[in-house]
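Only one structure is covered here, and it is reproduced in the block below.
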Amino acid sequence: MSKLKIAIQKSGRLSESSRKLFEECGIKISNGAGTLKIVASNFPIEILFLRDDDIPQYVEQGVADIGIVGENMVFEKNKEVDILEQLGFAGCRLSLAIPKEENYSGHGFFINKRVATSYPHLLGKYFTSNNITATVEEISGSVEIAPGVGLADAICDIVSSGSTLLMNGLKEVETIMKSQAVIIANRNILPGKKLILEKLLFRIRAVKNARENKYILLNAPREAITEICQILPGMKSPTILPLAEEGWCSLHSVVKEDEFWDRIDQLKNAGAEGILVIPIEKMVL
């Protein structure tokens with residue numbers, strides 16, 4: 001039976017998150033320490049461990065059928081691949097940063113400046129779209145030290161928390177793009193492998209839906225149920241069960257995690273008590 005070949009980063013945060021995703025999808029893979037290729041024991045996939053900046057090219061060329069990589073790298077490499085799914089982890093942004101003692105008044109700061117980056121394609125497009133003439137100094141690794149050693153006046157690099165910039169005496173001034181992990185695919189996947197890909201995406205989407213939603217249980221007087229249902233409608237409608245205490249009901253529903261805190265006061269004001277919020281392991285829509 002043919003196997004779907006998946007390229008992931010060989011080490012680092014994106015690699016760890018990708019492995020965790022496979023685990024949550026019920027796919028068993030070995031540790032693979034020191035190896036460049038492993039096969040899942042219970043699902044027809046083969047995982048290739050590569051440098052993240054090589055993944056778009058390998059997927060375009062069909063060495064791998066799909067890959068998990070940051071959007072920033074997909075757009076920087078500009079290869080002929082399709083983005084199939086945003087995965088919601090490895091969030092970061094590609095930003096411009098300057099020495100913290102510099103005054104920043106807008107895009108004009110970068111005119112005739114030297115900017116160090118590992119993302120020359122994206123930075124060049126950004127400068128062109130904003131009519132900025134600047135010198136792009138392409139370097140790989142340790143971009144943040146470039147201003148301190150006199151190589152550049154500013155940098156363009158990936159930022160997560162911003163702590164690395166602060167440690168190197170820099171401040172973030174412009175965001176070029178926001179990024180997260182995505183699944184990219186070769187545009188000519190064989191039909192047999194497409195079936196495996198569809199099954200994999202089904203599992204991944206069930207995991208994603210579970211991460212983004214929470215199961216909520218609460219008790220409320222029967223007369224408050226109509227109002228609470230309007231606050232917390234759930235996927236279709238909440239499940240309502242009578243309690244042993246006369247006139248009271250238990251209501252079960254699903255709510256998006258980022259909406260829950262906005263609704264909690266409304267629920268309490270409507271009469272909800274004993275509110276429980278529980279993680280969901282898988283959620284199939």
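Going by the structure tokens order, chains are called A, B, ..., each with residues numbered from 1, while ligands are numbered from 1 in the order shown.
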
Those of stretch 21-255 of chain A in DSSP strand (DSSP E), formatted as number ranges by chain: A: 37-39, 45-50, 66-70, 82-86, 92-99, 114-117, 135-138, 154-159, 170-179, 181-185, 213-221, 239-242, 248-255

Which residues are near A:Ala185? Cut-off 8 Å, only C-alpha atoms, ignore same chain within fewer than 2 positions. Put them as JSON, numbers by chain. {"A": [59, 60, 65, 66, 67, 81, 82, 83, 84, 183, 187, 189]}

Need to verify the contact set: stretch 252-268 of chain A, 8 Å, only C-alpha atoms, exclusion of same-chain residues closer than 3 positions in sequence. Can you return it as a PyMOL selection string? chain A and resi 212-218+228+231-235+237-240+271-273

Export of prior selection with C-alpha atoms as a tab-separated table (two decimals), in the first residue's frame:
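part20.tsv was written with the following content:
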chain	number	residue	atom	x	y	z
A	212	GLU	CA	-10.89	25.71	19.79
A	213	ASN	CA	-14.03	24.68	21.70
A	214	LYS	CA	-14.96	23.70	25.24
A	215	TYR	CA	-17.81	21.60	26.61
A	216	ILE	CA	-19.86	23.56	29.12
A	217	LEU	CA	-22.29	22.27	31.73
A	218	LEU	CA	-24.40	24.43	34.02
A	228	ILE	CA	-29.46	31.13	28.53
A	231	ILE	CA	-26.52	33.40	25.17
A	232	LEU	CA	-25.08	29.92	24.62
A	233	PRO	CA	-26.65	28.31	21.55
A	234	GLY	CA	-24.08	25.54	21.00
A	235	MET	CA	-23.51	23.79	17.68
A	237	SER	CA	-29.00	23.75	20.30
A	238	PRO	CA	-28.04	22.98	23.90
A	239	THR	CA	-28.95	19.68	25.57
A	240	ILE	CA	-31.34	20.27	28.48
A	271	GLY	CA	-29.30	32.61	36.66
A	272	ALA	CA	-26.72	29.97	35.70
A	273	GLU	CA	-24.99	28.18	38.60

Close residues, stretch 136-148 of chain A itself excluded, 10 Å, only C-alpha atoms, min 3 positions apart in chain, as an NGL selection string: :A and (97-99 or 113-121 or 123-124 or 127 or 133 or 151-158 or 164-170)

Could those selected residues go to a file with N, CA and C atoms, as a PDB file, in the first residue's frame?
ATOM      1  N   ALA A  97      12.678  45.540  13.002  1.00  0.00           N
ATOM      2  CA  ALA A  97      13.103  46.036  14.307  1.00  0.00           C
ATOM      3  C   ALA A  97      14.327  46.920  14.133  1.00  0.00           C
ATOM      4  N   ILE A  98      14.442  47.901  15.014  1.00  0.00           N
ATOM      5  CA  ILE A  98      15.547  48.857  14.951  1.00  0.00           C
ATOM      6  C   ILE A  98      16.161  48.994  16.344  1.00  0.00           C
ATOM      7  N   PRO A  99      17.364  49.546  16.453  1.00  0.00           N
ATOM      8  CA  PRO A  99      17.948  49.774  17.782  1.00  0.00           C
ATOM      9  C   PRO A  99      17.008  50.592  18.656  1.00  0.00           C
ATOM     10  N   LYS A 113      18.546  52.797   4.204  1.00  0.00           N
ATOM     11  CA  LYS A 113      19.129  52.044   5.308  1.00  0.00           C
ATOM     12  C   LYS A 113      19.501  50.622   4.844  1.00  0.00           C
ATOM     13  N   ARG A 114      20.366  49.970   5.622  1.00  0.00           N
ATOM     14  CA  ARG A 114      20.700  48.562   5.393  1.00  0.00           C
ATOM     15  C   ARG A 114      19.890  47.715   6.386  1.00  0.00           C
ATOM     16  N   VAL A 115      19.169  46.724   5.856  1.00  0.00           N
ATOM     17  CA  VAL A 115      18.308  45.890   6.706  1.00  0.00           C
ATOM     18  C   VAL A 115      18.716  44.430   6.537  1.00  0.00           C
ATOM     19  N   ALA A 116      19.105  43.788   7.624  1.00  0.00           N
ATOM     20  CA  ALA A 116      19.531  42.388   7.594  1.00  0.00           C
ATOM     21  C   ALA A 116      18.325  41.471   7.788  1.00  0.00           C
ATOM     22  N   THR A 117      18.297  40.362   7.038  1.00  0.00           N
ATOM     23  CA  THR A 117      17.162  39.446   7.133  1.00  0.00           C
ATOM     24  C   THR A 117      17.496  38.087   6.547  1.00  0.00           C
ATOM     25  N   SER A 118      16.732  37.104   6.956  1.00  0.00           N
ATOM     26  CA  SER A 118      16.758  35.781   6.330  1.00  0.00           C
ATOM     27  C   SER A 118      15.560  35.625   5.389  1.00  0.00           C
ATOM     28  N   TYR A 119      14.810  36.706   5.215  1.00  0.00           N
ATOM     29  CA  TYR A 119      13.604  36.697   4.384  1.00  0.00           C
ATOM     30  C   TYR A 119      13.679  37.784   3.320  1.00  0.00           C
ATOM     31  N   PRO A 120      14.641  37.707   2.404  1.00  0.00           N
ATOM     32  CA  PRO A 120      14.825  38.773   1.420  1.00  0.00           C
ATOM     33  C   PRO A 120      13.648  38.942   0.456  1.00  0.00           C
ATOM     34  N   HIS A 121      12.987  37.840   0.126  1.00  0.00           N
ATOM     35  CA  HIS A 121      11.856  37.931  -0.815  1.00  0.00           C
ATOM     36  C   HIS A 121      10.700  38.726  -0.199  1.00  0.00           C
ATOM     37  N   LEU A 123      10.764  40.706   2.465  1.00  0.00           N
ATOM     38  CA  LEU A 123      11.170  42.066   2.800  1.00  0.00           C
ATOM     39  C   LEU A 123      11.231  42.931   1.548  1.00  0.00           C
ATOM     40  N   GLY A 124      11.761  42.393   0.454  1.00  0.00           N
ATOM     41  CA  GLY A 124      11.823  43.142  -0.796  1.00  0.00           C
ATOM     42  C   GLY A 124      10.442  43.541  -1.285  1.00  0.00           C
ATOM     43  N   PHE A 127       9.123  46.414   0.930  1.00  0.00           N
ATOM     44  CA  PHE A 127       9.740  47.699   0.600  1.00  0.00           C
ATOM     45  C   PHE A 127       9.193  48.241  -0.723  1.00  0.00           C
ATOM     46  N   THR A 133      13.264  52.623  -0.762  1.00  0.00           N
ATOM     47  CA  THR A 133      14.534  52.199  -1.340  1.00  0.00           C
ATOM     48  C   THR A 133      15.508  51.922  -0.203  1.00  0.00           C
ATOM     49  N   LEU A 151      26.731  45.524  10.746  1.00  0.00           N
ATOM     50  CA  LEU A 151      26.371  44.977   9.440  1.00  0.00           C
ATOM     51  C   LEU A 151      25.137  45.648   8.853  1.00  0.00           C
ATOM     52  N   ALA A 152      24.230  46.121   9.719  1.00  0.00           N
ATOM     53  CA  ALA A 152      22.975  46.693   9.238  1.00  0.00           C
ATOM     54  C   ALA A 152      22.470  47.749  10.215  1.00  0.00           C
ATOM     55  N   ASP A 153      21.518  48.548   9.722  1.00  0.00           N
ATOM     56  CA  ASP A 153      20.888  49.579  10.560  1.00  0.00           C
ATOM     57  C   ASP A 153      19.635  49.054  11.243  1.00  0.00           C
ATOM     58  N   ALA A 154      19.077  47.964  10.695  1.00  0.00           N
ATOM     59  CA  ALA A 154      17.833  47.398  11.213  1.00  0.00           C
ATOM     60  C   ALA A 154      17.775  45.936  10.795  1.00  0.00           C
ATOM     61  N   ILE A 155      16.781  45.228  11.295  1.00  0.00           N
ATOM     62  CA  ILE A 155      16.619  43.833  10.900  1.00  0.00           C
ATOM     63  C   ILE A 155      15.158  43.546  10.553  1.00  0.00           C
ATOM     64  N   CYS A 156      14.948  42.450   9.844  1.00  0.00           N
ATOM     65  CA  CYS A 156      13.614  41.911   9.597  1.00  0.00           C
ATOM     66  C   CYS A 156      13.697  40.434   9.951  1.00  0.00           C
ATOM     67  N   ASP A 157      12.944  40.030  10.979  1.00  0.00           N
ATOM     68  CA  ASP A 157      13.089  38.650  11.455  1.00  0.00           C
ATOM     69  C   ASP A 157      11.776  38.178  12.082  1.00  0.00           C
ATOM     70  N   ILE A 158      11.740  36.868  12.342  1.00  0.00           N
ATOM     71  CA  ILE A 158      10.588  36.260  13.006  1.00  0.00           C
ATOM     72  C   ILE A 158      10.589  36.632  14.485  1.00  0.00           C
ATOM     73  N   THR A 164      13.913  38.118  22.507  1.00  0.00           N
ATOM     74  CA  THR A 164      15.231  38.084  21.850  1.00  0.00           C
ATOM     75  C   THR A 164      15.613  39.467  21.337  1.00  0.00           C
ATOM     76  N   LEU A 165      14.634  40.197  20.827  1.00  0.00           N
ATOM     77  CA  LEU A 165      14.915  41.563  20.370  1.00  0.00           C
ATOM     78  C   LEU A 165      15.394  42.415  21.536  1.00  0.00           C
ATOM     79  N   LEU A 166      14.662  42.338  22.640  1.00  0.00           N
ATOM     80  CA  LEU A 166      15.026  43.153  23.808  1.00  0.00           C
ATOM     81  C   LEU A 166      16.424  42.822  24.306  1.00  0.00           C
ATOM     82  N   MET A 167      16.758  41.537  24.305  1.00  0.00           N
ATOM     83  CA  MET A 167      18.081  41.117  24.776  1.00  0.00           C
ATOM     84  C   MET A 167      19.198  41.671  23.895  1.00  0.00           C
ATOM     85  N   ASN A 168      18.865  41.976  22.644  1.00  0.00           N
ATOM     86  CA  ASN A 168      19.874  42.487  21.712  1.00  0.00           C
ATOM     87  C   ASN A 168      19.720  43.977  21.446  1.00  0.00           C
ATOM     88  N   GLY A 169      18.987  44.665  22.332  1.00  0.00           N
ATOM     89  CA  GLY A 169      18.873  46.111  22.238  1.00  0.00           C
ATOM     90  C   GLY A 169      18.046  46.608  21.070  1.00  0.00           C
ATOM     91  N   LEU A 170      17.040  45.821  20.667  1.00  0.00           N
ATOM     92  CA  LEU A 170      16.202  46.196  19.523  1.00  0.00           C
ATOM     93  C   LEU A 170      14.756  46.374  19.945  1.00  0.00           C
TER      94      LEU A 170
END

Atom CA of A:Leu4 to atom CA of A:Val74: how many Å, to one decimal?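 These atoms are spaced 20.1 Å apart.
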
Nearest candidate to A:Ile27 (options A:Ala90, A:Arg203, A:Pro221, A:Glu174; using only C-alpha atoms):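 Closest residue, counting only C-alpha atoms: A:Arg203.
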
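Atom to atom, atom CA of A:Val69 and atom CA of A:Ala181 stand 5.3 Å apart.
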
Could you tell me how far atom CA of A:Ile225 lies from atom CA of A:Glu281, in Å and to one decimal? 27.1 Å

Determine, counting only C-alpha atoms, which protein, DNA and RNA residues have an atom within 10 Å of an atom of A:Phe22; residues of the same chain fewer than 3 positions away are not included. Present the result as a list in words.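 In the requested form, the answer reads Ser17, Ser18, Arg19, Cys25, Gly26, Ile27, Lys28, Ile29, Ala40, Leu200, Arg203, Ile204 and Val207 of chain A.
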
Those residues you just picked out, can you put them in a file as a PDB file, in the first residue's frame with N, CA and C atoms?
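Done, and the output landed in selection01.pdb:
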ATOM      1  N   SER A  17       5.557  20.324  17.907  1.00  0.00           N
ATOM      2  CA  SER A  17       4.111  20.536  17.752  1.00  0.00           C
ATOM      3  C   SER A  17       3.531  19.628  16.682  1.00  0.00           C
ATOM      4  N   SER A  18       4.289  19.387  15.622  1.00  0.00           N
ATOM      5  CA  SER A  18       3.825  18.493  14.552  1.00  0.00           C
ATOM      6  C   SER A  18       3.691  17.071  15.072  1.00  0.00           C
ATOM      7  N   ARG A  19       4.675  16.621  15.841  1.00  0.00           N
ATOM      8  CA  ARG A  19       4.624  15.283  16.429  1.00  0.00           C
ATOM      9  C   ARG A  19       3.430  15.157  17.377  1.00  0.00           C
ATOM     10  N   CYS A  25      -3.982  12.818  16.787  1.00  0.00           N
ATOM     11  CA  CYS A  25      -4.762  12.209  15.700  1.00  0.00           C
ATOM     12  C   CYS A  25      -4.762  10.688  15.784  1.00  0.00           C
ATOM     13  N   GLY A  26      -4.138  10.135  16.845  1.00  0.00           N
ATOM     14  CA  GLY A  26      -4.113   8.689  17.025  1.00  0.00           C
ATOM     15  C   GLY A  26      -3.116   7.976  16.148  1.00  0.00           C
ATOM     16  N   ILE A  27      -2.123   8.711  15.628  1.00  0.00           N
ATOM     17  CA  ILE A  27      -1.120   8.133  14.740  1.00  0.00           C
ATOM     18  C   ILE A  27       0.137   7.860  15.555  1.00  0.00           C
ATOM     19  N   LYS A  28       0.597   6.613  15.520  1.00  0.00           N
ATOM     20  CA  LYS A  28       1.737   6.206  16.331  1.00  0.00           C
ATOM     21  C   LYS A  28       3.021   6.268  15.512  1.00  0.00           C
ATOM     22  N   ILE A  29       3.946   7.108  15.976  1.00  0.00           N
ATOM     23  CA  ILE A  29       5.256   7.183  15.331  1.00  0.00           C
ATOM     24  C   ILE A  29       6.326   7.015  16.394  1.00  0.00           C
ATOM     25  N   ALA A  40       4.832   5.487  10.256  1.00  0.00           N
ATOM     26  CA  ALA A  40       3.842   5.291  11.314  1.00  0.00           C
ATOM     27  C   ALA A  40       3.448   3.820  11.364  1.00  0.00           C
ATOM     28  N   LEU A 200      -6.397  11.892   6.773  1.00  0.00           N
ATOM     29  CA  LEU A 200      -5.538  12.619   7.710  1.00  0.00           C
ATOM     30  C   LEU A 200      -6.131  13.981   8.034  1.00  0.00           C
ATOM     31  N   ARG A 203      -8.971  13.817  10.518  1.00  0.00           N
ATOM     32  CA  ARG A 203      -8.517  13.679  11.901  1.00  0.00           C
ATOM     33  C   ARG A 203      -7.978  15.005  12.436  1.00  0.00           C
ATOM     34  N   ILE A 204      -7.189  15.689  11.617  1.00  0.00           N
ATOM     35  CA  ILE A 204      -6.599  16.959  12.051  1.00  0.00           C
ATOM     36  C   ILE A 204      -7.676  17.983  12.355  1.00  0.00           C
ATOM     37  N   VAL A 207      -9.291  17.351  15.682  1.00  0.00           N
ATOM     38  CA  VAL A 207      -8.419  17.802  16.767  1.00  0.00           C
ATOM     39  C   VAL A 207      -8.465  19.321  16.894  1.00  0.00           C
TER      40      VAL A 207
END

Might you pull out every residue within 12 Å of A:Pro191, with only C-alpha atoms counted and same-chain residues fewer than 3 positions away left off, and present them as a PyMOL selection string? chain A and resi 2-4+65+187-188+194-198

For each of A:Asp53, A:Gln180, A:Ala270, A:Gly162, take the minimum atom-to-atom distance to A:Gln230, counting only C-alpha atoms, then give the residue where this is smallest.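 Closest candidate: A:Ala270.
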
So which one's closest to A:Phe49, A:Lys77, A:Lys10, A:Arg222, A:Lys236? Using only C-alpha atoms, please.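 Looking at the shortest contact to A:Phe49, the residue is A:Lys10.
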